[in-house]
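Colleague: Structure file coords_22.csv (CSV, C-alpha atoms) is given on the next line.
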chain,number,residue,atom,x,y,z
A,244,MET,CA,101.6,267.1,74.8
A,245,PRO,CA,103.5,269.0,72.1
A,246,GLU,CA,106.1,271.5,73.1
A,247,THR,CA,105.3,275.1,72.5
A,248,GLY,CA,107.1,278.5,72.7
A,249,PHE,CA,110.8,279.1,72.9
A,250,ASN,CA,112.0,275.7,73.9
A,251,GLY,CA,109.6,274.0,71.6
A,252,ALA,CA,110.9,276.1,68.6
A,253,ASP,CA,114.5,275.3,69.5
A,254,ASN,CA,113.8,271.5,69.8
A,255,LEU,CA,111.8,271.5,66.5
A,256,PHE,CA,114.6,273.4,64.7
A,257,ILE,CA,117.3,271.1,66.1
A,258,ARG,CA,115.4,268.0,65.1
A,259,ARG,CA,114.7,269.3,61.6
A,260,TRP,CA,118.3,270.5,61.1
A,261,GLY,CA,119.4,267.0,62.0
A,262,GLU,CA,116.9,265.4,59.6
A,263,MET,CA,118.0,267.7,56.8
A,264,ALA,CA,121.6,267.0,57.3
A,265,VAL,CA,121.1,263.2,56.9
A,266,SER,CA,119.9,263.8,53.3
A,267,TRP,CA,123.1,265.7,52.7
A,268,GLY,CA,125.2,262.9,54.0
A,269,ILE,CA,126.1,264.5,57.3
A,270,SER,CA,125.6,262.8,60.6
A,271,ARG,CA,122.3,263.7,62.3
A,272,THR,CA,124.1,264.1,65.7
A,273,MET,CA,126.7,266.4,64.2
A,274,ALA,CA,123.9,268.6,62.7
A,275,GLU,CA,121.9,268.6,65.9
A,276,ILE,CA,124.9,269.7,67.9
A,277,HIS,CA,125.6,272.4,65.3
A,278,ALA,CA,122.0,273.6,65.6
A,279,LEU,CA,122.1,273.6,69.4
A,280,LEU,CA,125.3,275.7,69.4
A,281,TYR,CA,123.9,278.0,66.7
A,282,LEU,CA,120.8,278.7,68.8
A,283,ASN,CA,122.6,279.1,72.1
A,284,THR,CA,123.5,282.6,73.3
A,285,CYS,CA,126.5,281.4,75.3
A,286,PRO,CA,129.1,278.7,74.7
A,287,LEU,CA,128.3,275.1,75.9
A,288,CYS,CA,130.6,272.4,77.2
A,289,THR,CA,130.6,268.8,76.2
A,290,ASP,CA,128.5,267.9,79.2
A,291,ASP,CA,125.9,270.5,78.3
A,292,VAL,CA,125.7,269.1,74.8
A,293,MET,CA,125.4,265.5,76.1
A,294,ASP,CA,122.6,266.5,78.5
A,295,ARG,CA,120.6,268.6,76.1
A,296,LEU,CA,120.7,266.1,73.2
A,297,ALA,CA,120.9,262.8,75.2
A,298,VAL,CA,124.1,261.7,73.4
A,299,SER,CA,127.1,259.8,74.7
A,300,ARG,CA,130.3,261.5,75.6
A,301,GLY,CA,132.1,259.8,72.7
A,302,SER,CA,129.5,260.9,70.2
A,303,ALA,CA,129.5,264.4,71.5
A,304,SER,CA,133.3,264.6,71.5
A,305,VAL,CA,133.7,263.1,68.0
A,306,ASN,CA,131.0,265.4,66.5
A,307,LEU,CA,132.3,268.5,68.3
A,308,ARG,CA,135.8,267.8,67.0
A,309,GLU,CA,134.4,267.4,63.4
A,310,LEU,CA,132.5,270.6,63.7
A,311,VAL,CA,135.7,272.4,64.8
A,312,ASN,CA,137.5,270.8,61.8
A,313,TRP,CA,134.8,272.1,59.5
A,314,GLY,CA,135.2,275.6,60.9
A,315,LEU,CA,131.5,275.8,62.0
A,316,ILE,CA,132.3,276.0,65.7
A,317,VAL,CA,135.2,277.2,67.7
A,318,ARG,CA,136.6,276.2,71.1
A,319,VAL,CA,136.1,278.8,73.8
A,320,HIS,CA,138.1,278.7,77.1
A,321,ARG,CA,136.9,280.2,80.3
A,322,ARG,CA,139.4,281.5,82.7
A,323,GLY,CA,139.6,279.2,85.8
A,324,ASP,CA,137.5,276.5,84.2
A,325,ARG,CA,139.2,273.3,82.9
A,326,LYS,CA,136.3,272.4,80.6
A,327,GLU,CA,136.3,273.2,76.9
A,328,TYR,CA,133.4,275.2,75.7
A,329,PHE,CA,132.1,275.5,72.1
A,330,GLU,CA,130.4,278.3,70.2
A,331,ALA,CA,128.9,278.2,66.7
A,332,GLU,CA,129.3,280.8,64.0
A,333,HIS,CA,126.1,282.9,64.2
A,334,ASP,CA,126.5,284.7,60.9
A,335,VAL,CA,124.4,282.7,58.4
A,336,TRP,CA,126.3,284.0,55.4
A,337,GLN,CA,129.6,283.0,56.9
A,338,MET,CA,128.2,279.6,57.9
A,339,PHE,CA,127.1,279.1,54.3
A,340,GLU,CA,130.5,280.1,52.9
A,341,THR,CA,132.2,277.7,55.3
A,342,ILE,CA,129.9,274.8,54.4
A,343,MET,CA,130.4,275.4,50.7
A,344,ARG,CA,134.1,275.7,51.0
A,345,GLU,CA,134.4,272.5,53.0
A,346,ARG,CA,132.0,270.5,50.8
A,347,ARG,CA,134.0,271.6,47.8
A,348,ARG,CA,137.3,270.6,49.4
A,349,ARG,CA,136.0,267.3,50.8
A,350,GLU,CA,133.6,266.2,48.0
A,351,ILE,CA,133.9,268.2,44.7
A,352,GLN,CA,137.7,268.5,44.4
A,353,PRO,CA,138.3,264.7,44.9
A,354,ILE,CA,135.7,263.8,42.3
A,355,VAL,CA,137.1,266.4,39.9
A,356,GLU,CA,140.6,265.0,40.3
A,357,THR,CA,139.3,261.5,39.8
A,358,ILE,CA,137.4,262.4,36.7
A,359,GLN,CA,140.5,264.1,35.3
A,360,ARG,CA,142.6,261.0,36.0
A,361,CYS,CA,139.9,258.9,34.3
A,362,LEU,CA,140.0,261.1,31.2
A,363,THR,CA,143.7,260.8,31.1
A,364,MET,CA,143.5,257.0,31.4
A,365,ILE,CA,140.8,256.8,28.7
A,366,ASP,CA,142.8,259.1,26.4
A,367,GLN,CA,145.9,256.9,26.7
A,368,GLU,CA,144.0,253.7,26.1
A,369,ARG,CA,141.9,254.9,23.3
A,370,ARG,CA,144.9,255.7,21.1
A,371,GLY,CA,145.4,252.1,20.3
A,372,LEU,CA,141.7,251.2,20.0
A,373,ARG,CA,139.7,250.7,16.7
A,374,GLY,CA,136.1,250.1,15.8
A,375,LYS,CA,133.6,249.3,18.5
A,376,ALA,CA,136.2,249.5,21.3
A,377,ARG,CA,137.2,253.0,20.1
A,378,ALA,CA,133.5,254.1,19.9
A,379,GLU,CA,132.9,252.9,23.5
A,380,ALA,CA,136.0,254.7,24.7
A,381,ASP,CA,134.8,257.9,23.0
A,382,ILE,CA,131.4,257.6,24.8
A,383,HIS,CA,133.0,257.1,28.2
A,384,GLN,CA,135.3,260.0,27.5
A,385,LYS,CA,132.3,262.3,26.6
A,386,ARG,CA,130.4,261.2,29.7
A,387,PHE,CA,133.4,261.9,32.0
A,388,ALA,CA,133.9,265.3,30.2
A,389,ASP,CA,130.2,266.1,30.7
A,390,ILE,CA,130.4,265.5,34.5
A,391,LEU,CA,133.6,267.5,34.7
A,392,GLU,CA,131.9,270.4,32.8
A,393,PHE,CA,129.0,270.3,35.2
A,394,CYS,CA,131.2,270.3,38.2
A,395,GLY,CA,133.1,273.3,36.7
A,396,LEU,CA,129.8,275.1,36.1
A,397,MET,CA,128.6,274.5,39.7
A,398,THR,CA,131.9,275.7,41.1
A,399,THR,CA,131.6,278.9,39.0
A,400,MET,CA,128.0,279.3,40.4
A,401,PHE,CA,129.2,278.9,44.0
A,402,ASP,CA,132.1,281.3,43.4
A,403,LEU,CA,129.6,283.8,41.9
A,404,VAL,CA,127.3,283.6,44.9
A,405,ASN,CA,130.3,284.0,47.3
A,406,SER,CA,131.7,286.9,45.4
A,407,ALA,CA,128.3,288.6,45.2
A,408,GLY,CA,128.1,288.5,49.0
A,409,ARG,CA,125.0,289.0,51.0
A,410,VAL,CA,124.4,292.5,49.5
A,411,GLY,CA,124.7,291.3,45.9
A,412,LEU,CA,122.8,288.0,46.4
A,413,LYS,CA,119.3,289.5,46.2
A,414,PRO,CA,119.9,291.3,42.8
A,415,LEU,CA,121.7,288.1,41.6
A,416,GLY,CA,118.7,286.0,42.6
A,417,LYS,CA,116.3,288.4,40.8
A,418,MET,CA,118.5,288.2,37.7
A,419,LEU,CA,118.5,284.4,37.8
A,420,ALA,CA,114.8,284.3,38.3
A,421,ARG,CA,114.3,286.5,35.2
A,422,LEU,CA,116.5,284.2,33.2
A,423,ALA,CA,114.6,281.2,34.4
A,424,LYS,CA,111.3,282.5,32.9
Could you write out this structure as structure tokens?
Modeller:
Amino acid sequence: MPETGFNGADNLFIRRWGEMAVSWGISRTMAEIHALLYLNTCPLCTDDVMDRLAVSRGSASVNLRELVNWGLIVRVHRRGDRKEYFEAEHDVWQMFETIMRERRRREIQPIVETIQRCLTMIDQERRGLRGKARAEADIHQKRFADILEFCGLMTTMFDLVNSAGRVGLKPLGKMLARLAK
């Protein structure tokens, strides 16, 4: 029998959040833990997470630590209790900014640095090339430059969204929709 109501909605959201995360290259368990903590009105300990999501202590611990490293959850200590509790950021806008900042730091910046190194390598090598080899080097250089330009444009877009803030995002979205027509 399908779940309904409050718990059913929570379970559905947790499951879908985990499924979505996999397509972004994030562990399903990490995303499910994040969703669970996001929905909870009070901090949870590792045992609570393990029980609710039926995951091992090791998996819960590793994923909780990674979520703390991302800045999406924080450790909460309760006086007189030796357990560590965890609480998620509940402001969706702040959560989005944190995710974008971390994805840029972990994924975009390394590829940009790699592309820049590749461009330098090609530039140094192509100086001594002639004919077909030079033409191929030029093609490779252009392709790397195109990716670098795209990454720069996307970074500018993310910066624009962040600087617009939650108040400015609606007018920005409307403006972009008009431009898309």
Colleague: Would you mind listing what lies within 12 Å of Ser270 of chain A as a PyMOL selection string, with only C-alpha atoms counted and same-chain residues fewer than 3 positions away left out?
Modeller: chain A and resi 260-267+273-277+302-303+305-307+309-310
Colleague: Show which residues sit within 12 Å of Met397 of chain A, as a list in words. Count only C-alpha atoms, and ignore same-chain residues fewer than 3 positions away.
Modeller: Met343, Arg347, Ile351, Gln352, Val355, Ile390, Leu391, Glu392, Phe393, Cys394, Met400, Phe401, Asp402, Leu403 and Val404 of chain A
Colleague: When you count only C-alpha atoms, which of these residues is closest to Ile354 of chain A: A:Val298, A:Leu282, A:Val311, A:Phe387?
Modeller: A:Phe387
Colleague: Just the number, please: distance in Å from atom CA of Met338 of chain A to atom CA of Asn312 of chain A, one decimal.
Modeller: 13.4 Å
Colleague: A:Glu368, A:Asp294, A:Glu332, A:Glu327: which is nearest Ala278 of chain A, counting only C-alpha atoms?
Modeller: A:Glu332
Colleague: Counting all atoms listed in the file, which of A:Gly323, A:Leu315, A:Arg300, A:Ile269 gets nearest to Val335 of chain A?
Modeller: A:Leu315
Colleague: Could you pull the residues within 12 Å of Tyr328 of chain A, counting all atoms listed in the file, minus those fewer than 5 positions along the same chain, as a list of chain:residue names?
Modeller: A:Leu280, A:Cys285, A:Pro286, A:Leu287, A:Cys288, A:Thr289, A:Asp290, A:Asp291, A:Val292, A:Ser304, A:Leu307, A:Arg308, A:Val311, A:Ile316, A:Val317, A:Arg318, A:Val319, A:His320, A:Arg321, A:Arg322
Colleague: How many Å separate atom CA of Thr272 of chain A from atom CA of Glu345 of chain A?
Modeller: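 Taking atom CA of Thr272 of chain A as the start and atom CA of Glu345 of chain A as the end point, the length is 18.4 Å.
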Colleague: Could you work out how far atom CA of Ala252 of chain A lies from atom CA of Thr341 of chain A, giving the answer in Å with one decimal?
Modeller: 25.2 Å
Colleague: Counting all atoms listed in the file, which of A:Thr398, A:Thr363, A:Thr284, A:Gln384 gets nearest to His333 of chain A?
Modeller: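 Among the listed residues, the smallest separation from His333 of chain A belongs to A:Thr284.
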Colleague: Near Ile365 of chain A, counting all atoms listed in the file, which residues have an atom at most 9 Å away, once you skip same-chain residues fewer than 3 positions from it, shown as a ChimeraX atom specification?
Modeller: /A:360-362,368-370,380-381,383-384
Colleague: Some atoms are missing, so please complete segment 378-403 of chain A with N, CA and C atoms and return it as a PDB file, in the coordinates of the input.
Modeller:
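Generated file (out_25.pdb):
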ATOM      1  N   ALA A 378     134.783 253.386  19.774  1.00  0.00           N
ATOM      2  CA  ALA A 378     133.500 254.100  19.900  1.00  0.00           C
ATOM      3  C   ALA A 378     133.065 254.096  21.396  1.00  0.00           C
ATOM      4  N   GLU A 379     133.238 252.968  22.072  1.00  0.00           N
ATOM      5  CA  GLU A 379     132.900 252.900  23.500  1.00  0.00           C
ATOM      6  C   GLU A 379     133.780 253.816  24.333  1.00  0.00           C
ATOM      7  N   ALA A 380     135.054 253.831  24.028  1.00  0.00           N
ATOM      8  CA  ALA A 380     136.000 254.700  24.700  1.00  0.00           C
ATOM      9  C   ALA A 380     135.595 256.171  24.536  1.00  0.00           C
ATOM     10  N   ASP A 381     135.186 256.509  23.317  1.00  0.00           N
ATOM     11  CA  ASP A 381     134.800 257.900  23.000  1.00  0.00           C
ATOM     12  C   ASP A 381     133.517 258.254  23.845  1.00  0.00           C
ATOM     13  N   ILE A 382     132.588 257.306  23.975  1.00  0.00           N
ATOM     14  CA  ILE A 382     131.400 257.600  24.800  1.00  0.00           C
ATOM     15  C   ILE A 382     131.738 257.782  26.229  1.00  0.00           C
ATOM     16  N   HIS A 383     132.610 256.924  26.754  1.00  0.00           N
ATOM     17  CA  HIS A 383     133.000 257.100  28.200  1.00  0.00           C
ATOM     18  C   HIS A 383     133.740 258.420  28.354  1.00  0.00           C
ATOM     19  N   GLN A 384     134.592 258.766  27.406  1.00  0.00           N
ATOM     20  CA  GLN A 384     135.300 260.000  27.500  1.00  0.00           C
ATOM     21  C   GLN A 384     134.339 261.203  27.527  1.00  0.00           C
ATOM     22  N   LYS A 385     133.322 261.169  26.679  1.00  0.00           N
ATOM     23  CA  LYS A 385     132.300 262.300  26.600  1.00  0.00           C
ATOM     24  C   LYS A 385     131.549 262.319  27.948  1.00  0.00           C
ATOM     25  N   ARG A 386     131.190 261.176  28.492  1.00  0.00           N
ATOM     26  CA  ARG A 386     130.400 261.200  29.700  1.00  0.00           C
ATOM     27  C   ARG A 386     131.229 261.740  30.893  1.00  0.00           C
ATOM     28  N   PHE A 387     132.501 261.354  30.969  1.00  0.00           N
ATOM     29  CA  PHE A 387     133.400 261.900  32.000  1.00  0.00           C
ATOM     30  C   PHE A 387     133.524 263.440  31.790  1.00  0.00           C
ATOM     31  N   ALA A 388     133.702 263.836  30.545  1.00  0.00           N
ATOM     32  CA  ALA A 388     133.900 265.300  30.200  1.00  0.00           C
ATOM     33  C   ALA A 388     132.606 266.045  30.598  1.00  0.00           C
ATOM     34  N   ASP A 389     131.434 265.447  30.386  1.00  0.00           N
ATOM     35  CA  ASP A 389     130.200 266.100  30.700  1.00  0.00           C
ATOM     36  C   ASP A 389     130.074 266.342  32.244  1.00  0.00           C
ATOM     37  N   ILE A 390     130.460 265.337  33.039  1.00  0.00           N
ATOM     38  CA  ILE A 390     130.400 265.500  34.500  1.00  0.00           C
ATOM     39  C   ILE A 390     131.418 266.573  34.920  1.00  0.00           C
ATOM     40  N   LEU A 391     132.592 266.549  34.321  1.00  0.00           N
ATOM     41  CA  LEU A 391     133.600 267.500  34.700  1.00  0.00           C
ATOM     42  C   LEU A 391     133.120 268.952  34.310  1.00  0.00           C
ATOM     43  N   GLU A 392     132.483 269.094  33.171  1.00  0.00           N
ATOM     44  CA  GLU A 392     131.900 270.400  32.800  1.00  0.00           C
ATOM     45  C   GLU A 392     130.864 270.859  33.774  1.00  0.00           C
ATOM     46  N   PHE A 393     129.999 269.935  34.194  1.00  0.00           N
ATOM     47  CA  PHE A 393     129.000 270.300  35.200  1.00  0.00           C
ATOM     48  C   PHE A 393     129.582 270.717  36.490  1.00  0.00           C
ATOM     49  N   CYS A 394     130.577 269.963  36.975  1.00  0.00           N
ATOM     50  CA  CYS A 394     131.200 270.300  38.200  1.00  0.00           C
ATOM     51  C   CYS A 394     131.875 271.720  38.106  1.00  0.00           C
ATOM     52  N   GLY A 395     132.471 272.019  36.961  1.00  0.00           N
ATOM     53  CA  GLY A 395     133.100 273.300  36.700  1.00  0.00           C
ATOM     54  C   GLY A 395     132.009 274.430  36.761  1.00  0.00           C
ATOM     55  N   LEU A 396     130.873 274.166  36.134  1.00  0.00           N
ATOM     56  CA  LEU A 396     129.800 275.100  36.100  1.00  0.00           C
ATOM     57  C   LEU A 396     129.255 275.389  37.531  1.00  0.00           C
ATOM     58  N   MET A 397     129.065 274.323  38.314  1.00  0.00           N
ATOM     59  CA  MET A 397     128.600 274.500  39.700  1.00  0.00           C
ATOM     60  C   MET A 397     129.589 275.227  40.545  1.00  0.00           C
ATOM     61  N   THR A 398     130.862 274.954  40.338  1.00  0.00           N
ATOM     62  CA  THR A 398     131.900 275.700  41.100  1.00  0.00           C
ATOM     63  C   THR A 398     131.861 277.153  40.739  1.00  0.00           C
ATOM     64  N   THR A 399     131.675 277.459  39.467  1.00  0.00           N
ATOM     65  CA  THR A 399     131.600 278.900  39.000  1.00  0.00           C
ATOM     66  C   THR A 399     130.351 279.524  39.700  1.00  0.00           C
ATOM     67  N   MET A 400     129.233 278.791  39.783  1.00  0.00           N
ATOM     68  CA  MET A 400     128.000 279.300  40.400  1.00  0.00           C
ATOM     69  C   MET A 400     128.280 279.612  41.907  1.00  0.00           C
ATOM     70  N   PHE A 401     128.912 278.684  42.597  1.00  0.00           N
ATOM     71  CA  PHE A 401     129.200 278.900  44.000  1.00  0.00           C
ATOM     72  C   PHE A 401     130.154 280.077  44.199  1.00  0.00           C
ATOM     73  N   ASP A 402     131.147 280.185  43.322  1.00  0.00           N
ATOM     74  CA  ASP A 402     132.100 281.300  43.400  1.00  0.00           C
ATOM     75  C   ASP A 402     131.338 282.632  43.164  1.00  0.00           C
ATOM     76  N   LEU A 403     130.401 282.627  42.222  1.00  0.00           N
ATOM     77  CA  LEU A 403     129.600 283.800  41.900  1.00  0.00           C
ATOM     78  C   LEU A 403     128.774 284.234  43.124  1.00  0.00           C
TER      79      LEU A 403
END
